[in-house]
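input_0.pdb (PDB, C-alpha atoms and all ligand atoms) appears below.
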ATOM      1  CA  SER A   1       0.000   0.000   0.000
ATOM      2  CA  ALA A   2       1.009   3.623  -0.302
ATOM      3  CA  GLN A   3       1.483   3.737   3.449
ATOM      4  CA  THR A   4       4.386   1.284   3.453
ATOM      5  CA  ASP A   5       6.257   3.734   1.180
ATOM      6  CA  ARG A   6       6.564   6.237   3.934
ATOM      7  CA  ALA A   7       9.835   6.357   5.810
ATOM      8  CA  PRO A   8       9.437   5.749   9.542
ATOM      9  CA  LEU A   9       9.907   8.463  12.144
ATOM     10  CA  PRO A  10      11.537   7.521  15.465
ATOM     11  CA  ASP A  11       9.117   6.128  18.063
ATOM     12  CA  ASP A  12      10.603   8.246  20.843
ATOM     13  CA  PHE A  13       9.335  11.719  21.675
ATOM     14  CA  LEU A  14      11.455  14.254  19.743
ATOM     15  CA  VAL A  15      12.876  17.503  21.024
ATOM     16  CA  ILE A  16      13.384  19.610  17.891
ATOM     17  CA  ALA A  17      15.634  22.631  18.431
ATOM     18  CA  HIS A  18      13.842  25.329  16.433
ATOM     19  CA  ARG A  19      16.553  27.314  14.559
ATOM     20  CA  GLY A  20      18.945  25.838  17.148
ATOM     21  CA  ALA A  21      18.662  26.779  20.815
ATOM     22  CA  SER A  22      17.468  30.123  19.487
ATOM     23  CA  ALA A  23      16.265  31.334  22.882
ATOM     24  CA  TYR A  24      19.928  31.611  23.886
ATOM     25  CA  ALA A  25      21.843  32.463  20.722
ATOM     26  CA  PRO A  26      21.326  34.008  17.290
ATOM     27  CA  GLU A  27      19.005  31.667  15.391
ATOM     28  CA  HIS A  28      20.579  29.293  12.843
ATOM     29  CA  SER A  29      24.123  30.044  14.014
ATOM     30  CA  LEU A  30      26.569  27.213  14.679
ATOM     31  CA  TYR A  31      26.606  28.443  18.271
ATOM     32  CA  ALA A  32      22.803  28.020  18.542
ATOM     33  CA  TYR A  33      23.128  24.479  17.185
ATOM     34  CA  GLU A  34      25.977  23.608  19.550
ATOM     35  CA  LEU A  35      23.909  24.780  22.509
ATOM     36  CA  ALA A  36      20.956  22.709  21.285
ATOM     37  CA  LEU A  37      23.068  19.552  21.279
ATOM     38  CA  GLN A  38      24.432  20.367  24.734
ATOM     39  CA  MET A  39      20.793  20.591  25.837
ATOM     40  CA  ASN A  40      20.172  17.089  24.445
ATOM     41  CA  ALA A  41      17.900  18.133  21.590
ATOM     42  CA  ASP A  42      17.178  15.156  19.320
ATOM     43  CA  TYR A  43      17.157  17.205  16.110
ATOM     44  CA  ILE A  44      18.462  20.584  15.082
ATOM     45  CA  GLU A  45      16.018  22.479  12.863
ATOM     46  CA  LEU A  46      17.333  24.293   9.789
ATOM     47  CA  ASP A  47      15.454  26.583   7.424
ATOM     48  CA  LEU A  48      16.985  26.621   3.947
ATOM     49  CA  HIS A  49      16.936  29.099   1.089
ATOM     50  CA  MET A  50      19.153  29.023  -2.014
ATOM     51  CA  THR A  51      21.417  31.817  -3.242
ATOM     52  CA  LYS A  52      21.990  33.019  -6.815
ATOM     53  CA  ASP A  53      25.136  30.867  -6.971
ATOM     54  CA  GLU A  54      23.127  27.844  -5.759
ATOM     55  CA  GLU A  55      24.469  27.646  -2.242
ATOM     56  CA  LEU A  56      21.986  26.365   0.330
ATOM     57  CA  VAL A  57      21.944  28.926   3.096
ATOM     58  CA  VAL A  58      20.572  28.353   6.584
ATOM     59  CA  ILE A  59      18.309  31.307   7.197
ATOM     60  CA  HIS A  60      14.630  31.926   7.894
ATOM     61  CA  ASP A  61      13.678  34.890   5.728
ATOM     62  CA  GLY A  62      13.686  34.934   1.946
ATOM     63  CA  TYR A  63      14.347  38.696   1.853
ATOM     64  CA  LEU A  64      17.321  40.324   3.504
ATOM     65  CA  PRO A  65      18.271  43.909   4.321
ATOM     66  CA  THR A  66      21.310  44.902   2.252
ATOM     67  CA  ASP A  67      23.019  48.249   1.696
ATOM     68  CA  SER A  68      20.898  48.596  -1.451
ATOM     69  CA  GLY A  69      17.598  47.784   0.273
ATOM     70  CA  GLU A  70      15.628  44.539   0.693
ATOM     71  CA  GLN A  71      16.881  41.788  -1.596
ATOM     72  CA  ALA A  72      15.646  38.265  -2.287
ATOM     73  CA  VAL A  73      18.140  35.592  -1.164
ATOM     74  CA  GLY A  74      17.868  34.097  -4.655
ATOM     75  CA  LYS A  75      19.207  37.348  -6.143
ATOM     76  CA  LEU A  76      22.265  37.451  -3.866
ATOM     77  CA  SER A  77      25.457  35.400  -3.883
ATOM     78  CA  PHE A  78      26.319  33.363  -0.796
ATOM     79  CA  ASN A  79      29.233  35.710  -0.247
ATOM     80  CA  GLU A  80      26.872  38.691  -0.224
ATOM     81  CA  VAL A  81      24.470  36.967   2.172
ATOM     82  CA  GLN A  82      27.331  36.216   4.535
ATOM     83  CA  GLN A  83      28.274  39.891   4.784
ATOM     84  CA  ILE A  84      24.951  40.608   6.465
ATOM     85  CA  ASP A  85      25.201  40.731  10.235
ATOM     86  CA  LEU A  86      21.565  39.909  10.637
ATOM     87  CA  TYR A  87      21.277  37.528  13.519
ATOM     88  CA  GLU A  88      23.792  38.977  15.885
ATOM     89  CA  LYS A  89      22.341  42.469  15.596
ATOM     90  CA  GLU A  90      18.753  41.219  15.905
ATOM     91  CA  PHE A  91      19.617  38.974  18.787
ATOM     92  CA  MET A  92      21.455  41.674  20.688
ATOM     93  CA  GLU A  93      18.476  43.994  20.331
ATOM     94  CA  LYS A  94      16.193  41.366  21.834
ATOM     95  CA  HIS A  95      18.648  40.086  24.433
ATOM     96  CA  PRO A  96      21.147  42.704  25.514
ATOM     97  CA  VAL A  97      23.590  40.156  26.909
ATOM     98  CA  SER A  98      27.129  39.466  25.862
ATOM     99  CA  LEU A  99      27.707  36.683  23.372
ATOM    100  CA  PRO A 100      30.960  34.789  23.019
ATOM    101  CA  LYS A 101      33.329  36.557  20.666
ATOM    102  CA  GLU A 102      33.723  33.446  18.516
ATOM    103  CA  GLU A 103      32.550  35.230  15.410
ATOM    104  CA  ASP A 104      32.703  32.098  13.335
ATOM    105  CA  LEU A 105      30.014  30.544  15.465
ATOM    106  CA  LEU A 106      27.612  33.466  15.045
ATOM    107  CA  ARG A 107      27.573  34.289  11.348
ATOM    108  CA  ILE A 108      25.164  33.105   8.647
ATOM    109  CA  VAL A 109      26.245  29.682   7.396
ATOM    110  CA  SER A 110      25.600  27.320   4.522
ATOM    111  CA  LEU A 111      24.178  23.810   4.842
ATOM    112  CA  LYS A 112      27.627  22.545   3.824
ATOM    113  CA  GLU A 113      29.223  24.330   6.765
ATOM    114  CA  VAL A 114      26.683  22.914   9.221
ATOM    115  CA  LEU A 115      27.222  19.395   7.881
ATOM    116  CA  LEU A 116      30.986  19.809   8.047
ATOM    117  CA  HIS A 117      30.810  21.136  11.597
ATOM    118  CA  PHE A 118      28.472  18.497  13.079
ATOM    119  CA  GLY A 119      28.584  15.531  10.687
ATOM    120  CA  ASP A 120      26.832  12.569  12.269
ATOM    121  CA  ASP A 121      27.021  14.064  15.756
ATOM    122  CA  ALA A 122      23.700  15.731  15.016
ATOM    123  CA  LYS A 123      20.402  14.765  13.450
ATOM    124  CA  TYR A 124      18.839  17.233  11.043
ATOM    125  CA  TYR A 125      15.245  18.380  10.668
ATOM    126  CA  ILE A 126      15.431  20.462   7.518
ATOM    127  CA  GLU A 127      12.841  22.850   6.112
ATOM    128  CA  LEU A 128      12.796  23.776   2.434
ATOM    129  CA  LYS A 129      11.560  27.379   2.354
ATOM    130  CA  THR A 130       9.654  28.507  -0.770
ATOM    131  CA  PRO A 131      11.301  25.699  -2.780
ATOM    132  CA  SER A 132       9.276  26.443  -5.919
ATOM    133  CA  SER A 133      11.353  29.618  -6.268
ATOM    134  CA  TYR A 134      14.679  27.722  -6.209
ATOM    135  CA  LYS A 135      15.254  25.430  -9.175
ATOM    136  CA  GLY A 136      17.126  22.248  -8.266
ATOM    137  CA  MET A 137      16.874  22.843  -4.522
ATOM    138  CA  GLU A 138      15.656  19.335  -3.680
ATOM    139  CA  GLU A 139      18.419  17.673  -5.725
ATOM    140  CA  GLU A 140      21.078  19.810  -4.052
ATOM    141  CA  VAL A 141      19.828  19.074  -0.522
ATOM    142  CA  VAL A 142      19.689  15.320  -1.080
ATOM    143  CA  HIS A 143      23.063  15.409  -2.855
ATOM    144  CA  GLN A 144      24.807  17.160   0.042
ATOM    145  CA  LEU A 145      23.259  14.917   2.667
ATOM    146  CA  THR A 146      24.207  11.821   0.697
ATOM    147  CA  GLU A 147      27.798  13.075   0.205
ATOM    148  CA  SER A 148      27.997  13.620   3.958
ATOM    149  CA  GLY A 149      27.058   9.997   4.564
ATOM    150  CA  LEU A 150      23.819  10.948   6.329
ATOM    151  CA  LEU A 151      21.580   9.458   3.640
ATOM    152  CA  PRO A 152      20.041   7.073   3.010
ATOM    153  CA  ASN A 153      18.549   6.859   6.501
ATOM    154  CA  LYS A 154      18.650   3.486   8.168
ATOM    155  CA  ASP A 155      15.252   2.001   9.015
ATOM    156  CA  SER A 156      15.893   2.196  12.718
ATOM    157  CA  GLU A 157      17.010   5.814  12.825
ATOM    158  CA  ALA A 158      16.320   8.913  10.754
ATOM    159  CA  ASN A 159      19.443  11.090  10.593
ATOM    160  CA  VAL A 160      17.469  13.421   8.375
ATOM    161  CA  ILE A 161      13.829  14.523   8.354
ATOM    162  CA  ILE A 162      12.572  16.953   5.720
ATOM    163  CA  GLN A 163       9.706  19.414   6.212
ATOM    164  CA  SER A 164       8.008  21.927   3.967
ATOM    165  CA  PHE A 165       4.794  23.861   3.494
ATOM    166  CA  ASP A 166       5.157  22.849  -0.175
ATOM    167  CA  LYS A 167       3.687  19.426  -0.934
ATOM    168  CA  GLU A 168       5.168  19.194  -4.446
ATOM    169  CA  SER A 169       8.620  19.725  -3.028
ATOM    170  CA  LEU A 170       8.133  16.934  -0.481
ATOM    171  CA  LEU A 171       7.047  14.597  -3.289
ATOM    172  CA  LYS A 172      10.224  15.480  -5.214
ATOM    173  CA  ILE A 173      12.302  14.632  -2.157
ATOM    174  CA  HIS A 174      10.554  11.282  -1.942
ATOM    175  CA  GLN A 175      11.435  10.579  -5.584
ATOM    176  CA  LEU A 176      15.088  11.314  -4.847
ATOM    177  CA  ASP A 177      15.406   9.335  -1.615
ATOM    178  CA  GLU A 178      12.536   7.380  -0.162
ATOM    179  CA  SER A 179      14.326   6.840   3.152
ATOM    180  CA  ILE A 180      13.556  10.401   4.266
ATOM    181  CA  PRO A 181      10.516  10.909   6.510
ATOM    182  CA  LEU A 182       8.501  13.862   5.216
ATOM    183  CA  ILE A 183       6.691  16.390   7.392
ATOM    184  CA  GLN A 184       3.905  18.446   5.833
ATOM    185  CA  LEU A 185       3.767  21.850   7.484
ATOM    186  CA  TYR A 186       0.610  23.867   8.103
ATOM    187  CA  SER A 187       0.373  27.564   8.841
ATOM    188  CA  TYR A 188      -1.715  29.546  11.267
ATOM    189  CA  GLU A 189      -4.277  30.565   8.649
ATOM    190  CA  LYS A 190      -5.587  27.006   8.353
ATOM    191  CA  GLY A 191      -6.698  26.249  11.903
ATOM    192  CA  SER A 192      -7.288  22.529  11.331
ATOM    193  CA  ILE A 193      -6.910  19.762   8.756
ATOM    194  CA  PRO A 194     -10.055  18.303   7.127
ATOM    195  CA  LYS A 195     -10.489  14.491   7.292
ATOM    196  CA  LYS A 196     -10.167  14.124   3.539
ATOM    197  CA  GLU A 197      -6.891  15.981   3.560
ATOM    198  CA  ILE A 198      -5.558  13.757   6.344
ATOM    199  CA  ARG A 199      -6.174  10.726   4.130
ATOM    200  CA  ALA A 200      -4.353  12.371   1.229
ATOM    201  CA  LEU A 201      -1.467  13.322   3.491
ATOM    202  CA  SER A 202      -1.003   9.808   4.758
ATOM    203  CA  LYS A 203      -0.040   8.715   1.237
ATOM    204  CA  TYR A 204       3.255  10.596   1.343
ATOM    205  CA  ALA A 205       3.906  12.229   4.709
ATOM    206  CA  SER A 206       5.113  10.577   7.903
ATOM    207  CA  GLY A 207       3.842  13.436  10.021
ATOM    208  CA  VAL A 208       2.664  17.017  10.226
ATOM    209  CA  GLY A 209       4.186  20.154  11.698
ATOM    210  CA  VAL A 210       1.404  22.401  12.970
ATOM    211  CA  PRO A 211       0.987  25.519  15.097
ATOM    212  CA  ALA A 212       0.534  24.401  18.706
ATOM    213  CA  ASP A 213      -3.002  25.774  18.854
ATOM    214  CA  PHE A 214      -4.174  23.188  16.274
ATOM    215  CA  VAL A 215      -3.598  20.496  18.875
ATOM    216  CA  THR A 216      -6.516  18.899  20.691
ATOM    217  CA  GLU A 217      -6.986  15.302  21.779
ATOM    218  CA  GLU A 218      -9.304  14.745  18.814
ATOM    219  CA  PHE A 219      -6.814  16.308  16.390
ATOM    220  CA  VAL A 220      -3.983  14.062  17.586
ATOM    221  CA  ARG A 221      -6.217  10.986  17.435
ATOM    222  CA  SER A 222      -7.308  11.685  13.858
ATOM    223  CA  LEU A 223      -3.688  12.065  12.738
ATOM    224  CA  HIS A 224      -2.529   8.973  14.635
ATOM    225  CA  ASP A 225      -5.386   6.957  13.137
ATOM    226  CA  ALA A 226      -3.924   7.796   9.719
ATOM    227  CA  GLY A 227      -0.453   6.744  10.903
ATOM    228  CA  LEU A 228       0.819  10.329  11.044
ATOM    229  CA  HIS A 229       2.963  11.865  13.769
ATOM    230  CA  VAL A 230       2.237  15.325  15.169
ATOM    231  CA  HIS A 231       4.965  17.922  15.806
ATOM    232  CA  PRO A 232       3.612  21.278  17.063
ATOM    233  CA  PHE A 233       5.567  24.540  16.835
ATOM    234  CA  THR A 234       6.847  26.618  18.556
ATOM    235  CA  VAL A 235       6.642  25.860  22.274
ATOM    236  CA  ASN A 236       8.968  27.518  24.774
ATOM    237  CA  ASP A 237       6.982  27.053  27.953
ATOM    238  CA  ALA A 238       7.456  23.862  30.007
ATOM    239  CA  GLU A 239       3.826  23.675  31.146
ATOM    240  CA  GLU A 240       2.476  24.127  27.632
ATOM    241  CA  ALA A 241       4.887  21.417  26.461
ATOM    242  CA  GLN A 242       3.651  19.076  29.185
ATOM    243  CA  ARG A 243       0.042  19.709  28.171
ATOM    244  CA  LEU A 244       0.838  18.829  24.557
ATOM    245  CA  ILE A 245       2.740  15.699  25.578
ATOM    246  CA  GLU A 246      -0.314  14.580  27.535
ATOM    247  CA  LEU A 247      -2.383  15.078  24.380
ATOM    248  CA  GLY A 248      -0.036  12.607  22.669
ATOM    249  CA  VAL A 249       2.141  14.697  20.356
ATOM    250  CA  ASN A 250       5.248  12.930  19.024
ATOM    251  CA  GLY A 251       7.685  15.802  19.209
ATOM    252  CA  ILE A 252       7.862  19.544  19.802
ATOM    253  CA  PHE A 253       9.675  22.389  18.059
ATOM    254  CA  THR A 254      11.212  24.617  20.707
ATOM    255  CA  ASP A 255      13.606  27.568  20.885
ATOM    256  CA  ASP A 256      14.514  26.323  24.374
ATOM    257  CA  PRO A 257      15.420  22.627  24.479
ATOM    258  CA  ALA A 258      16.405  23.038  28.149
ATOM    259  CA  ILE A 259      12.714  22.928  29.170
ATOM    260  CA  PHE A 260      12.860  19.199  28.426
ATOM    261  CA  LEU A 261      15.957  18.511  30.538
ATOM    262  CA  LYS A 262      15.189  16.368  33.542
ATOM    263  CA  LYS A 263      15.538  18.509  36.643
TER     264      LYS A 263
HETATM  265  O1  LIG A 301       9.313  24.426  10.645
HETATM  266  C1  LIG A 301       8.328  24.529  11.610
HETATM  267  C2  LIG A 301       8.203  25.967  11.895
HETATM  268  O2  LIG A 301       9.515  26.378  12.104
HETATM  269  C3  LIG A 301       7.615  26.699  10.722
HETATM  270  O3  LIG A 301       7.672  28.035  10.959
HETATM  271  O4  LIG A 301       8.481  30.217  10.324
HETATM  272  O5  LIG A 301       9.548  29.053  12.222
HETATM  273  O6  LIG A 301       9.972  28.277   9.921
HETATM  274  P1  LIG A 301       8.989  28.924  10.842
HETATM  275 CA    CA A 302      11.128  26.195  10.179
END
What is this structure when it is put down as structure tokens?
Amino acid sequence: SAQTDRAPLPDDFLVIAHRGASAYAPEHSLYAYELALQMNADYIELDLHMTKDEELVVIHDGYLPTDSGEQAVGKLSFNEVQQIDLYEKEFMEKHPVSLPKEEDLLRIVSLKEVLLHFGDDAKYYIELKTPSSYKGMEEEVVHQLTESGLLPNKDSEANVIIQSFDKESLLKIHQLDESIPLIQLYSYEKGSIPKKEIRALSKYASGVGVPADFVTEEFVRSLHDAGLHVHPFTVNDAEEAQRLIELGVNGIFTDDPAIFLKK
């Protein structure tokens, strides 16, 4: 059946470090990812865009402030993107604390650099951002992960999970490597997922990533009945996390993996 095509997600509850331990360090920096691993996160979450020179860059927004105004990542070279001191400045405005002066750990990085830095010491939960605007993005992601020895995933353990709001992109990933569990993302505008759509989802996705306020007992049950895992985002409060765990979610995206550390 179509269901047996889907790559398995781990059975254990997953702590997914949203943009790294981004409550403590500039999001998507190597430093944020190092902290996440120190806090025992199961996966580090990366958002990917692609530059003009086809470098996969780990960054949330598709438009960046440059000296000549807002520019699409796809119109900039990786070198140009790297000149932007986006995260450190933003982070310091939000959290006026001193960061380590290890500049290399704070700058914008490429997927290649993250893979080189962590290798198989980390597991990766990767989001393809607006992939329809980046030709060849899926091929490049799977290529790099394969070169790094992270793919194909073994049955017992997913080194790599891929998520997107874009269904077509997830289907392309499946064509390239069927060992990768796929997470279909939903945005706040939706509010819930109709029954019919859950059935359609279960043909290709292993789970869904949804805003935390989608989650009710009934919602989790309807997804589980279709064999789909549920990963709400983004939860930074320990009590809210506990409530969701009691409702049966399979993992949680958090900026603060430390809320899951046993006291
Ligand atoms: O990937 C799950 C969640 O991170 C989606 O929202 O905007 O934080 O990438 P965003
Ligand atoms: Ca994301």
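Listed by chain and then residue number, the contacts of ligand LIG 301 (chain A) are His18, Asp47, His60, Glu127, Gln163, Leu185, Gly209, Phe233, Thr234 and Phe253 of chain A (distance at most 7 Å, using only C-alpha atoms and all ligand atoms).
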*Convert the output of the PyMOL selection byres (((chain A and resi 106-121) around 10) and not hetatm) on the shown file into explicit residues, formatted as a PyMOL selection string.*
chain A and resi 25-34+37+46-51+55-59+78+81-88+99-105+122-124+126+141+144-145+147-150+159
Give me a file of those residues, with C-alpha atoms, as a PDB file, keeping the file's coordinate frame.
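Once written, out-v6.pdb looks like this:
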ATOM      1  CA  ALA A  25      21.843  32.463  20.722  1.00  0.00           C
ATOM      2  CA  PRO A  26      21.326  34.008  17.290  1.00  0.00           C
ATOM      3  CA  GLU A  27      19.005  31.667  15.391  1.00  0.00           C
ATOM      4  CA  HIS A  28      20.579  29.293  12.843  1.00  0.00           C
ATOM      5  CA  SER A  29      24.123  30.044  14.014  1.00  0.00           C
ATOM      6  CA  LEU A  30      26.569  27.213  14.679  1.00  0.00           C
ATOM      7  CA  TYR A  31      26.606  28.443  18.271  1.00  0.00           C
ATOM      8  CA  ALA A  32      22.803  28.020  18.542  1.00  0.00           C
ATOM      9  CA  TYR A  33      23.128  24.479  17.185  1.00  0.00           C
ATOM     10  CA  GLU A  34      25.977  23.608  19.550  1.00  0.00           C
ATOM     11  CA  LEU A  37      23.068  19.552  21.279  1.00  0.00           C
ATOM     12  CA  LEU A  46      17.333  24.293   9.789  1.00  0.00           C
ATOM     13  CA  ASP A  47      15.454  26.583   7.424  1.00  0.00           C
ATOM     14  CA  LEU A  48      16.985  26.621   3.947  1.00  0.00           C
ATOM     15  CA  HIS A  49      16.936  29.099   1.089  1.00  0.00           C
ATOM     16  CA  MET A  50      19.153  29.023  -2.014  1.00  0.00           C
ATOM     17  CA  THR A  51      21.417  31.817  -3.242  1.00  0.00           C
ATOM     18  CA  GLU A  55      24.469  27.646  -2.242  1.00  0.00           C
ATOM     19  CA  LEU A  56      21.986  26.365   0.330  1.00  0.00           C
ATOM     20  CA  VAL A  57      21.944  28.926   3.096  1.00  0.00           C
ATOM     21  CA  VAL A  58      20.572  28.353   6.584  1.00  0.00           C
ATOM     22  CA  ILE A  59      18.309  31.307   7.197  1.00  0.00           C
ATOM     23  CA  PHE A  78      26.319  33.363  -0.796  1.00  0.00           C
ATOM     24  CA  VAL A  81      24.470  36.967   2.172  1.00  0.00           C
ATOM     25  CA  GLN A  82      27.331  36.216   4.535  1.00  0.00           C
ATOM     26  CA  GLN A  83      28.274  39.891   4.784  1.00  0.00           C
ATOM     27  CA  ILE A  84      24.951  40.608   6.465  1.00  0.00           C
ATOM     28  CA  ASP A  85      25.201  40.731  10.235  1.00  0.00           C
ATOM     29  CA  LEU A  86      21.565  39.909  10.637  1.00  0.00           C
ATOM     30  CA  TYR A  87      21.277  37.528  13.519  1.00  0.00           C
ATOM     31  CA  GLU A  88      23.792  38.977  15.885  1.00  0.00           C
ATOM     32  CA  LEU A  99      27.707  36.683  23.372  1.00  0.00           C
ATOM     33  CA  PRO A 100      30.960  34.789  23.019  1.00  0.00           C
ATOM     34  CA  LYS A 101      33.329  36.557  20.666  1.00  0.00           C
ATOM     35  CA  GLU A 102      33.723  33.446  18.516  1.00  0.00           C
ATOM     36  CA  GLU A 103      32.550  35.230  15.410  1.00  0.00           C
ATOM     37  CA  ASP A 104      32.703  32.098  13.335  1.00  0.00           C
ATOM     38  CA  LEU A 105      30.014  30.544  15.465  1.00  0.00           C
ATOM     39  CA  ALA A 122      23.700  15.731  15.016  1.00  0.00           C
ATOM     40  CA  LYS A 123      20.402  14.765  13.450  1.00  0.00           C
ATOM     41  CA  TYR A 124      18.839  17.233  11.043  1.00  0.00           C
ATOM     42  CA  ILE A 126      15.431  20.462   7.518  1.00  0.00           C
ATOM     43  CA  VAL A 141      19.828  19.074  -0.522  1.00  0.00           C
ATOM     44  CA  GLN A 144      24.807  17.160   0.042  1.00  0.00           C
ATOM     45  CA  LEU A 145      23.259  14.917   2.667  1.00  0.00           C
ATOM     46  CA  GLU A 147      27.798  13.075   0.205  1.00  0.00           C
ATOM     47  CA  SER A 148      27.997  13.620   3.958  1.00  0.00           C
ATOM     48  CA  GLY A 149      27.058   9.997   4.564  1.00  0.00           C
ATOM     49  CA  LEU A 150      23.819  10.948   6.329  1.00  0.00           C
ATOM     50  CA  ASN A 159      19.443  11.090  10.593  1.00  0.00           C
TER      51      ASN A 159
END
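CA of Leu9 in chain A to CA of Ser206 in chain A spans 6.7 Å [interatomic distance, one decimal].
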_Please expand the PyMOL selection byres (((chain A and resi 240-247) around 12) and not hetatm) into the concrete residues it hits in this file, giving the result as number ranges by chain._
A: 12-15, 211-221, 224, 230-239, 248-254, 256-260
*For each of A:Tyr186, A:Asp53, A:Glu93, A:Ala158, take the minimum atom-to-atom distance to Leu76 in chain A, counting all atoms listed in the file, then give the residue where this is smallest.*
A:Asp53
_If we count only C-alpha atoms and set the cut-off at 8 Å, which residues sit around range 170-182 of chain A, ignoring sequence neighbours fewer than 2 positions away in its own chain? Please answer as a PyMOL selection string._
chain A and resi 5-9+138-139+142+151-155+158+160-164+166-168+184+204-207
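Proximity to ligand CA 302 (chain A) was assessed for A:Ser133, A:Ser22, A:Ser202, A:Gln38 counting only C-alpha atoms and all ligand atoms; the smallest distance is recorded for A:Ser22.
Nearest residue to ligand CA 302 (chain A) among A:Ser187, A:Ser77, A:Ser192, A:Ser68 is A:Ser187, counting only C-alpha atoms and all ligand atoms.
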_With distances taken over only C-alpha atoms and all ligand atoms, which residue among A:Lys52, A:Leu223, A:Tyr63, A:Thr130 lies nearest ligand CA 302 (chain A)?_
A:Thr130
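Take the candidates A:Ile198, A:Met137, A:Val210, A:Met39 and check each one against ligand CA 302 (chain A) using all atoms listed in the file; the shortest distance goes to A:Val210.
As for CA of Glu70 in chain A and CA of Tyr134 in chain A, they are spaced 18.2 Å apart.
What separates CA of Gln71 in chain A from CA of Lys135 in chain A is a distance of 18.1 Å.
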*Given the file shown, enumerate the residues that the PyMOL selection byres (((chain A and resi 199) around 10) and not hetatm) captures and present them as an NGL selection string.*
:A and (194-198 or 200-204 or 222-223 or 225-228)
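Distances from A:Tyr125, A:Tyr24, A:Tyr43, A:Tyr188 to ligand CA 302 (chain A) were compared using all atoms listed in the file, and the smallest one belongs to A:Tyr125.
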